[in-house]
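Data file: entry-v8.txt. Format and content: compact mmCIF, C-alpha atoms.
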# COMPACT_ATOMS: atom_id res chain seq x y z
CA MET A 1 84.27 54.68 11.51
CA ARG A 2 84.88 53.97 7.87
CA PHE A 3 83.68 50.37 8.29
CA LYS A 4 80.44 51.55 9.92
CA ASP A 5 79.82 54.05 7.10
CA LEU A 6 80.26 51.34 4.47
CA PHE A 7 77.90 49.00 6.33
CA GLY A 8 75.21 51.69 6.61
CA LEU A 9 75.57 52.54 2.90
CA SER A 10 75.08 48.85 2.05
CA LEU A 11 71.81 48.71 3.98
CA VAL A 12 70.52 51.77 2.16
CA LEU A 13 71.34 50.21 -1.25
CA VAL A 14 69.56 46.95 -0.30
CA ALA A 15 66.43 48.87 0.73
CA LEU A 16 66.43 50.83 -2.54
CA CYS A 17 66.75 47.60 -4.58
CA ALA A 18 63.84 45.98 -2.74
CA SER A 19 61.65 49.03 -3.30
CA ASN A 20 62.46 49.08 -7.01
CA ALA A 21 61.76 45.34 -7.29
CA GLN A 22 58.33 45.74 -5.68
CA SER A 23 57.57 48.66 -7.94
CA ILE A 24 58.57 46.64 -11.00
CA GLY A 25 56.51 43.66 -9.83
CA ASP A 26 53.44 45.82 -9.25
CA SER A 27 53.79 47.45 -12.63
CA ILE A 28 53.74 44.19 -14.59
CA GLY A 29 50.67 44.01 -16.83
CA LYS A 30 49.73 47.69 -16.29
CA SER A 31 49.65 50.47 -18.86
CA VAL A 32 51.64 53.70 -18.61
CA ASP A 33 48.45 55.64 -17.80
CA GLN A 34 47.68 53.28 -14.93
CA LEU A 35 51.20 53.65 -13.54
CA ILE A 36 50.95 57.46 -13.72
CA ASP A 37 47.52 57.40 -12.02
CA GLU A 38 48.82 55.15 -9.26
CA SER A 39 51.81 57.49 -8.71
CA ASN A 40 49.21 60.23 -8.10
CA GLY A 41 47.22 58.00 -5.71
CA ILE A 42 44.53 57.00 -8.26
CA TYR A 43 43.97 53.26 -8.60
CA SER A 44 41.80 51.58 -11.29
CA ARG A 45 39.71 48.50 -10.39
CA ASP A 46 40.71 45.14 -11.89
CA PRO A 47 37.53 43.60 -13.47
CA ASN A 48 38.88 40.10 -12.79
CA PHE A 49 38.72 40.73 -9.03
CA PRO A 50 35.17 41.72 -7.97
CA GLU A 51 34.88 44.15 -5.09
CA THR A 52 31.45 43.06 -3.75
CA PRO A 53 29.79 39.66 -3.07
CA ARG A 54 27.13 40.45 -5.69
CA GLU A 55 29.79 41.06 -8.36
CA SER A 56 31.51 37.85 -7.28
CA ARG A 57 28.27 35.86 -7.73
CA MET A 58 27.67 37.41 -11.13
CA LEU A 59 31.20 36.48 -12.23
CA TRP A 60 30.76 32.88 -11.00
CA SER A 61 27.36 32.66 -12.69
CA LYS A 62 28.89 33.79 -15.98
CA GLU A 63 31.97 31.54 -15.83
CA ARG A 64 30.56 28.39 -14.18
CA GLY A 65 26.91 28.45 -15.22
CA ILE A 66 25.69 28.62 -11.63
CA ASN A 67 22.39 30.42 -11.18
CA PHE A 68 22.37 31.80 -7.63
CA THR A 69 18.70 32.82 -8.01
CA MET A 70 17.61 29.16 -8.46
CA PRO A 71 17.66 26.79 -5.47
CA SER A 72 18.11 23.69 -7.59
CA LYS A 73 21.38 22.43 -9.01
CA LEU A 74 22.23 22.44 -12.67
CA SER A 75 20.99 19.28 -14.38
CA GLY A 76 23.33 17.00 -16.23
CA ASN A 77 26.17 18.71 -18.06
CA SER A 78 24.34 22.01 -18.53
CA THR A 79 26.41 25.16 -18.08
CA ASN A 80 23.55 27.58 -18.78
CA PRO A 81 20.92 28.50 -16.17
CA GLU A 82 18.11 28.53 -18.75
CA ASP A 83 19.15 25.06 -19.96
CA SER A 84 19.14 23.91 -16.35
CA LYS A 85 15.65 25.28 -15.76
CA MET A 86 14.29 23.68 -18.94
CA SER A 87 15.93 20.36 -18.05
CA ALA A 88 14.42 20.43 -14.56
CA GLN A 89 10.96 21.20 -15.96
CA THR A 90 11.32 18.37 -18.50
CA ASN A 91 12.29 15.93 -15.76
CA GLU A 92 9.26 16.97 -13.71
CA ARG A 93 6.94 16.40 -16.70
CA ILE A 94 8.48 12.98 -17.38
CA GLN A 95 8.08 11.96 -13.74
CA TYR A 96 4.45 13.15 -13.71
CA GLN A 97 3.61 11.34 -16.95
CA THR A 98 5.32 8.15 -15.75
CA ALA A 99 3.38 8.24 -12.48
CA SER A 100 0.12 8.88 -14.36
CA ILE A 101 0.72 5.98 -16.78
CA THR A 102 1.63 3.66 -13.91
CA LYS A 103 -1.52 4.62 -12.01
CA LYS A 104 -3.71 4.05 -15.09
CA ALA A 105 -2.07 0.66 -15.73
CA GLN A 106 -2.65 -0.39 -12.13
CA THR A 107 -6.29 0.75 -12.30
CA SER A 108 -6.86 -1.10 -15.59
CA SER A 109 -5.22 -4.21 -14.16
CA SER A 110 -7.40 -4.05 -11.05
CA GLN A 111 -10.52 -3.60 -13.17
CA ALA A 112 -9.54 -6.52 -15.41
CA ILE A 113 -8.97 -8.76 -12.41
CA ALA A 114 -12.27 -7.71 -10.85
CA GLY A 115 -14.09 -8.27 -14.16
CA SER A 116 -12.62 -11.73 -14.63
CA GLN A 117 -13.51 -12.90 -11.12
CA ALA A 118 -16.48 -15.25 -11.39
CA ILE A 119 -19.38 -15.08 -8.99
CA SER A 120 -20.06 -18.07 -6.77
CA VAL A 121 -22.70 -20.62 -7.79
CA VAL A 122 -21.98 -23.03 -4.95
CA GLY A 123 -25.13 -24.47 -3.38
CA ASN A 124 -28.29 -26.49 -3.99
CA TRP A 125 -30.10 -25.48 -7.17
CA THR A 126 -33.44 -26.48 -8.64
CA PHE A 127 -33.85 -25.87 -12.38
CA GLY A 128 -37.10 -26.08 -14.31
CA LEU A 129 -36.60 -27.22 -17.92
CA ARG A 130 -39.55 -26.41 -20.17
CA ASP A 131 -40.21 -27.42 -23.76
CA SER A 132 -43.13 -29.62 -24.83
CA LYS A 133 -43.06 -31.03 -21.30
CA SER A 134 -41.60 -29.93 -17.99
CA ARG A 135 -38.60 -31.45 -16.25
CA VAL A 136 -37.04 -30.74 -12.87
CA LEU A 137 -33.25 -30.78 -12.56
CA ALA A 138 -31.94 -30.69 -8.99
CA LEU A 139 -28.18 -30.14 -8.60
CA THR A 140 -25.71 -29.54 -5.81
CA LEU A 141 -22.98 -27.43 -7.39
CA PHE A 142 -19.35 -27.05 -6.38
CA GLN A 143 -16.86 -24.51 -7.70
CA SER A 144 -13.10 -24.11 -8.01
CA ASP A 145 -12.19 -20.74 -9.55
CA ASN A 146 -14.15 -20.79 -12.85
CA ALA A 147 -14.69 -24.57 -12.94
CA VAL A 148 -18.08 -25.84 -11.81
CA SER A 149 -19.18 -29.42 -11.11
CA GLY A 150 -22.05 -31.11 -9.35
CA THR A 151 -24.36 -34.09 -8.87
CA GLY A 152 -28.09 -34.50 -8.56
CA THR A 153 -31.21 -35.89 -10.20
CA ILE A 154 -33.59 -35.14 -13.07
CA ASN A 155 -37.27 -35.99 -13.21
CA ASP A 156 -39.32 -35.77 -16.41
CA GLY A 157 -42.64 -36.39 -14.68
CA GLY A 158 -42.14 -40.11 -14.46
CA ASP A 159 -38.73 -41.61 -13.87
CA THR A 160 -36.04 -39.98 -11.73
CA GLN A 161 -32.46 -40.42 -12.91
CA GLU A 162 -29.14 -39.51 -11.39
CA VAL A 163 -27.21 -36.70 -13.04
CA ALA A 164 -23.57 -35.61 -13.11
CA ALA A 165 -22.79 -32.03 -14.17
CA ALA A 166 -19.69 -30.10 -15.21
CA GLY A 167 -19.09 -26.69 -16.70
CA SER A 168 -17.65 -23.22 -16.13
CA ILE A 169 -18.65 -19.69 -15.21
CA GLN A 170 -17.35 -16.43 -16.67
CA GLY A 171 -18.61 -13.36 -14.89
CA ASP A 172 -22.33 -14.05 -14.49
CA LYS A 173 -22.58 -16.53 -17.39
CA LEU A 174 -22.85 -20.21 -16.39
CA SER A 175 -22.35 -22.95 -18.97
CA LEU A 176 -23.28 -26.37 -17.63
CA ASN A 177 -23.44 -29.87 -19.15
CA ALA A 178 -25.62 -32.34 -17.23
CA THR A 179 -25.58 -36.03 -18.20
CA SER A 180 -28.23 -38.42 -16.96
CA SER A 181 -27.65 -42.10 -16.30
CA GLY A 182 -29.93 -44.91 -17.47
CA TYR A 183 -31.50 -43.38 -20.54
CA VAL A 184 -28.48 -41.26 -21.32
CA ASN A 185 -29.35 -37.71 -22.24
CA LEU A 186 -27.10 -34.64 -22.36
CA TYR A 187 -28.50 -31.32 -21.25
CA GLN A 188 -26.51 -28.22 -22.16
CA LEU A 189 -27.56 -25.22 -20.08
CA VAL A 190 -26.52 -21.61 -20.77
CA LEU A 191 -27.65 -19.42 -17.89
CA THR A 192 -27.30 -15.89 -16.54
CA ILE A 193 -26.86 -15.80 -12.77
CA ASN A 194 -28.46 -13.03 -10.73
CA GLY A 195 -27.91 -13.69 -7.05
CA ASN A 196 -29.89 -16.84 -6.21
CA LEU A 197 -31.75 -16.86 -9.52
CA ALA A 198 -30.76 -18.18 -12.94
CA SER A 199 -32.39 -17.92 -16.35
CA GLY A 200 -31.54 -18.92 -19.91
CA GLU A 201 -32.02 -21.82 -22.27
CA TYR A 202 -30.96 -25.41 -22.70
CA ARG A 203 -30.43 -27.97 -25.45
CA ALA A 204 -31.12 -31.68 -24.97
CA PHE A 205 -29.30 -34.41 -26.90
CA PRO A 206 -30.89 -37.85 -26.37
CA ILE A 207 -29.04 -41.08 -27.05
CA SER A 208 -31.63 -41.72 -29.75
CA GLY A 209 -33.95 -39.35 -31.53
CA GLU A 210 -33.76 -35.68 -32.39
CA PRO A 211 -32.32 -33.00 -30.07
CA TRP A 212 -34.56 -30.24 -28.78
CA ILE A 213 -34.30 -26.86 -27.11
CA GLY A 214 -36.18 -25.23 -24.29
CA LEU A 215 -36.16 -22.60 -21.57
CA ALA A 216 -34.40 -23.00 -18.23
CA GLU A 217 -35.01 -21.21 -14.96
CA GLY A 218 -33.33 -21.93 -11.65
CA MET A 219 -33.35 -21.01 -7.99
CA ARG A 220 -30.73 -21.59 -5.31
CA ALA A 221 -31.88 -22.68 -1.89
CA THR A 222 -30.96 -20.27 0.89
CA SER A 223 -30.12 -21.26 4.43
CA ASP A 224 -32.23 -19.56 7.11
Translate this structure into C-alpha cells?
Amino acid sequence: MRFKDLFGLSLVLVALCASNAQSIGDSIGKSVDQLIDESNGIYSRDPNFPETPRESRMLWSKERGINFTMPSKLSGNSTNPEDSKMSAQTNERIQYQTASITKKAQTSSSQAIAGSQAISVVGNWTFGLRDSKSRVLALTLFQSDNAVSGTGTINDGGDTQEVAAAGSIQGDKLSLNATSSGYVNLYQLVLTINGNLASGEYRAFPISGEPWIGLAEGMRATSD
C-alpha cells in the first residue's frame, strides 16, 4: 500500500509541474494586468494576430505593400500601392506613345515611298518641238525604275534622222536627252507628265551654231 501511495503522489506532482510550466509559458511577454484579466476570464486581443480576413489583408497591405483593391501586381521594386499605381500608369503612357510614334513613322515611310515612286512613261510618244520652226520627235520609251531610255526619229520638215534618248523621271517630271545622228544635235526636254499627255520646254544644242530653246508637247499612243 505504501508503494502505491508514493506512486500516486508522484503522478500528482508531475501534473502540477506541467500545469505551472504551461502557465509560465503563456505568461511570457504579458503584463501583470493582462495576467490578472486572464485569471478572471478576460483575454485581450494580440494586434499582431488579426481576427478577421479583412484585418489580415490590411496587415499584409501595410507590411508587404500589397494593394488588395488593385487587380494588378506591384511594378518593379515598389512597396507602396500609390507608387505601383503611378508606375503602371506611366508604363501605359509610354506604351501608348511608343505605339503612336511607330504608327506615324510607318505612315511617313509609306508616304515617302509612294511619293518617290515614278509614274510609267513606257510607250510610243510623239512630241512636237516648236521654236522658229516645228519639229516632230517620235520616240518609243522604255523604263526601269526611274531610268528612261528609248529610240526613234526626228523630222524638222525636211530630213528625218534617227534618235537615241536617255533620261530619268521623278514623280511626274521627265528629263530626257535625245541625240540625233547625222547632223548631231542634242535636245534636252523637261516635261510634266499627265496621263498620256506631256508638256514643257526643250533646249537644242547643235554641233555648230548657237543653241536655242522652245516649247515641247507630247502625246502617248493608246492601244484600242
What is the distance, in Å and to one decimal place, between atom CA of Ser132 of chain A and atom CA of Pro211 of chain A?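 Separation between atom CA of Ser132 of chain A and atom CA of Pro211 of chain A: 12.5 Å.
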With all atoms listed in the file as the atoms that count, which of A:Val122, A:Lys133, A:Ser175, A:Gly128 lies nearest to Thr151 of chain A?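 Among A:Val122, A:Lys133, A:Ser175, A:Gly128, it is A:Val122 that comes nearest to Thr151 of chain A.
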Looking at A:Arg130, A:Asp145, A:Ser199, A:Gln170, which one is nearest to Ile213 of chain A, with distances taken over all atoms listed in the file? A:Arg130
Please provide the set of residues having any atom within 8 Å of Leu191 of chain A, restricted to all atoms listed in the file, with same-chain residues fewer than 5 positions apart removed, written as a PyMOL selection string. chain A and resi 173-175+198-201+216
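Coordinates place atom CA of Ile207 of chain A at a distance of 8.2 Å from atom CA of Leu186 of chain A.
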Find the residue from A:Ser181, A:Ile169, A:Phe142, A:Tyr202 that sits nearest to Ile154 of chain A; use all atoms listed in the file when measuring. A:Ser181
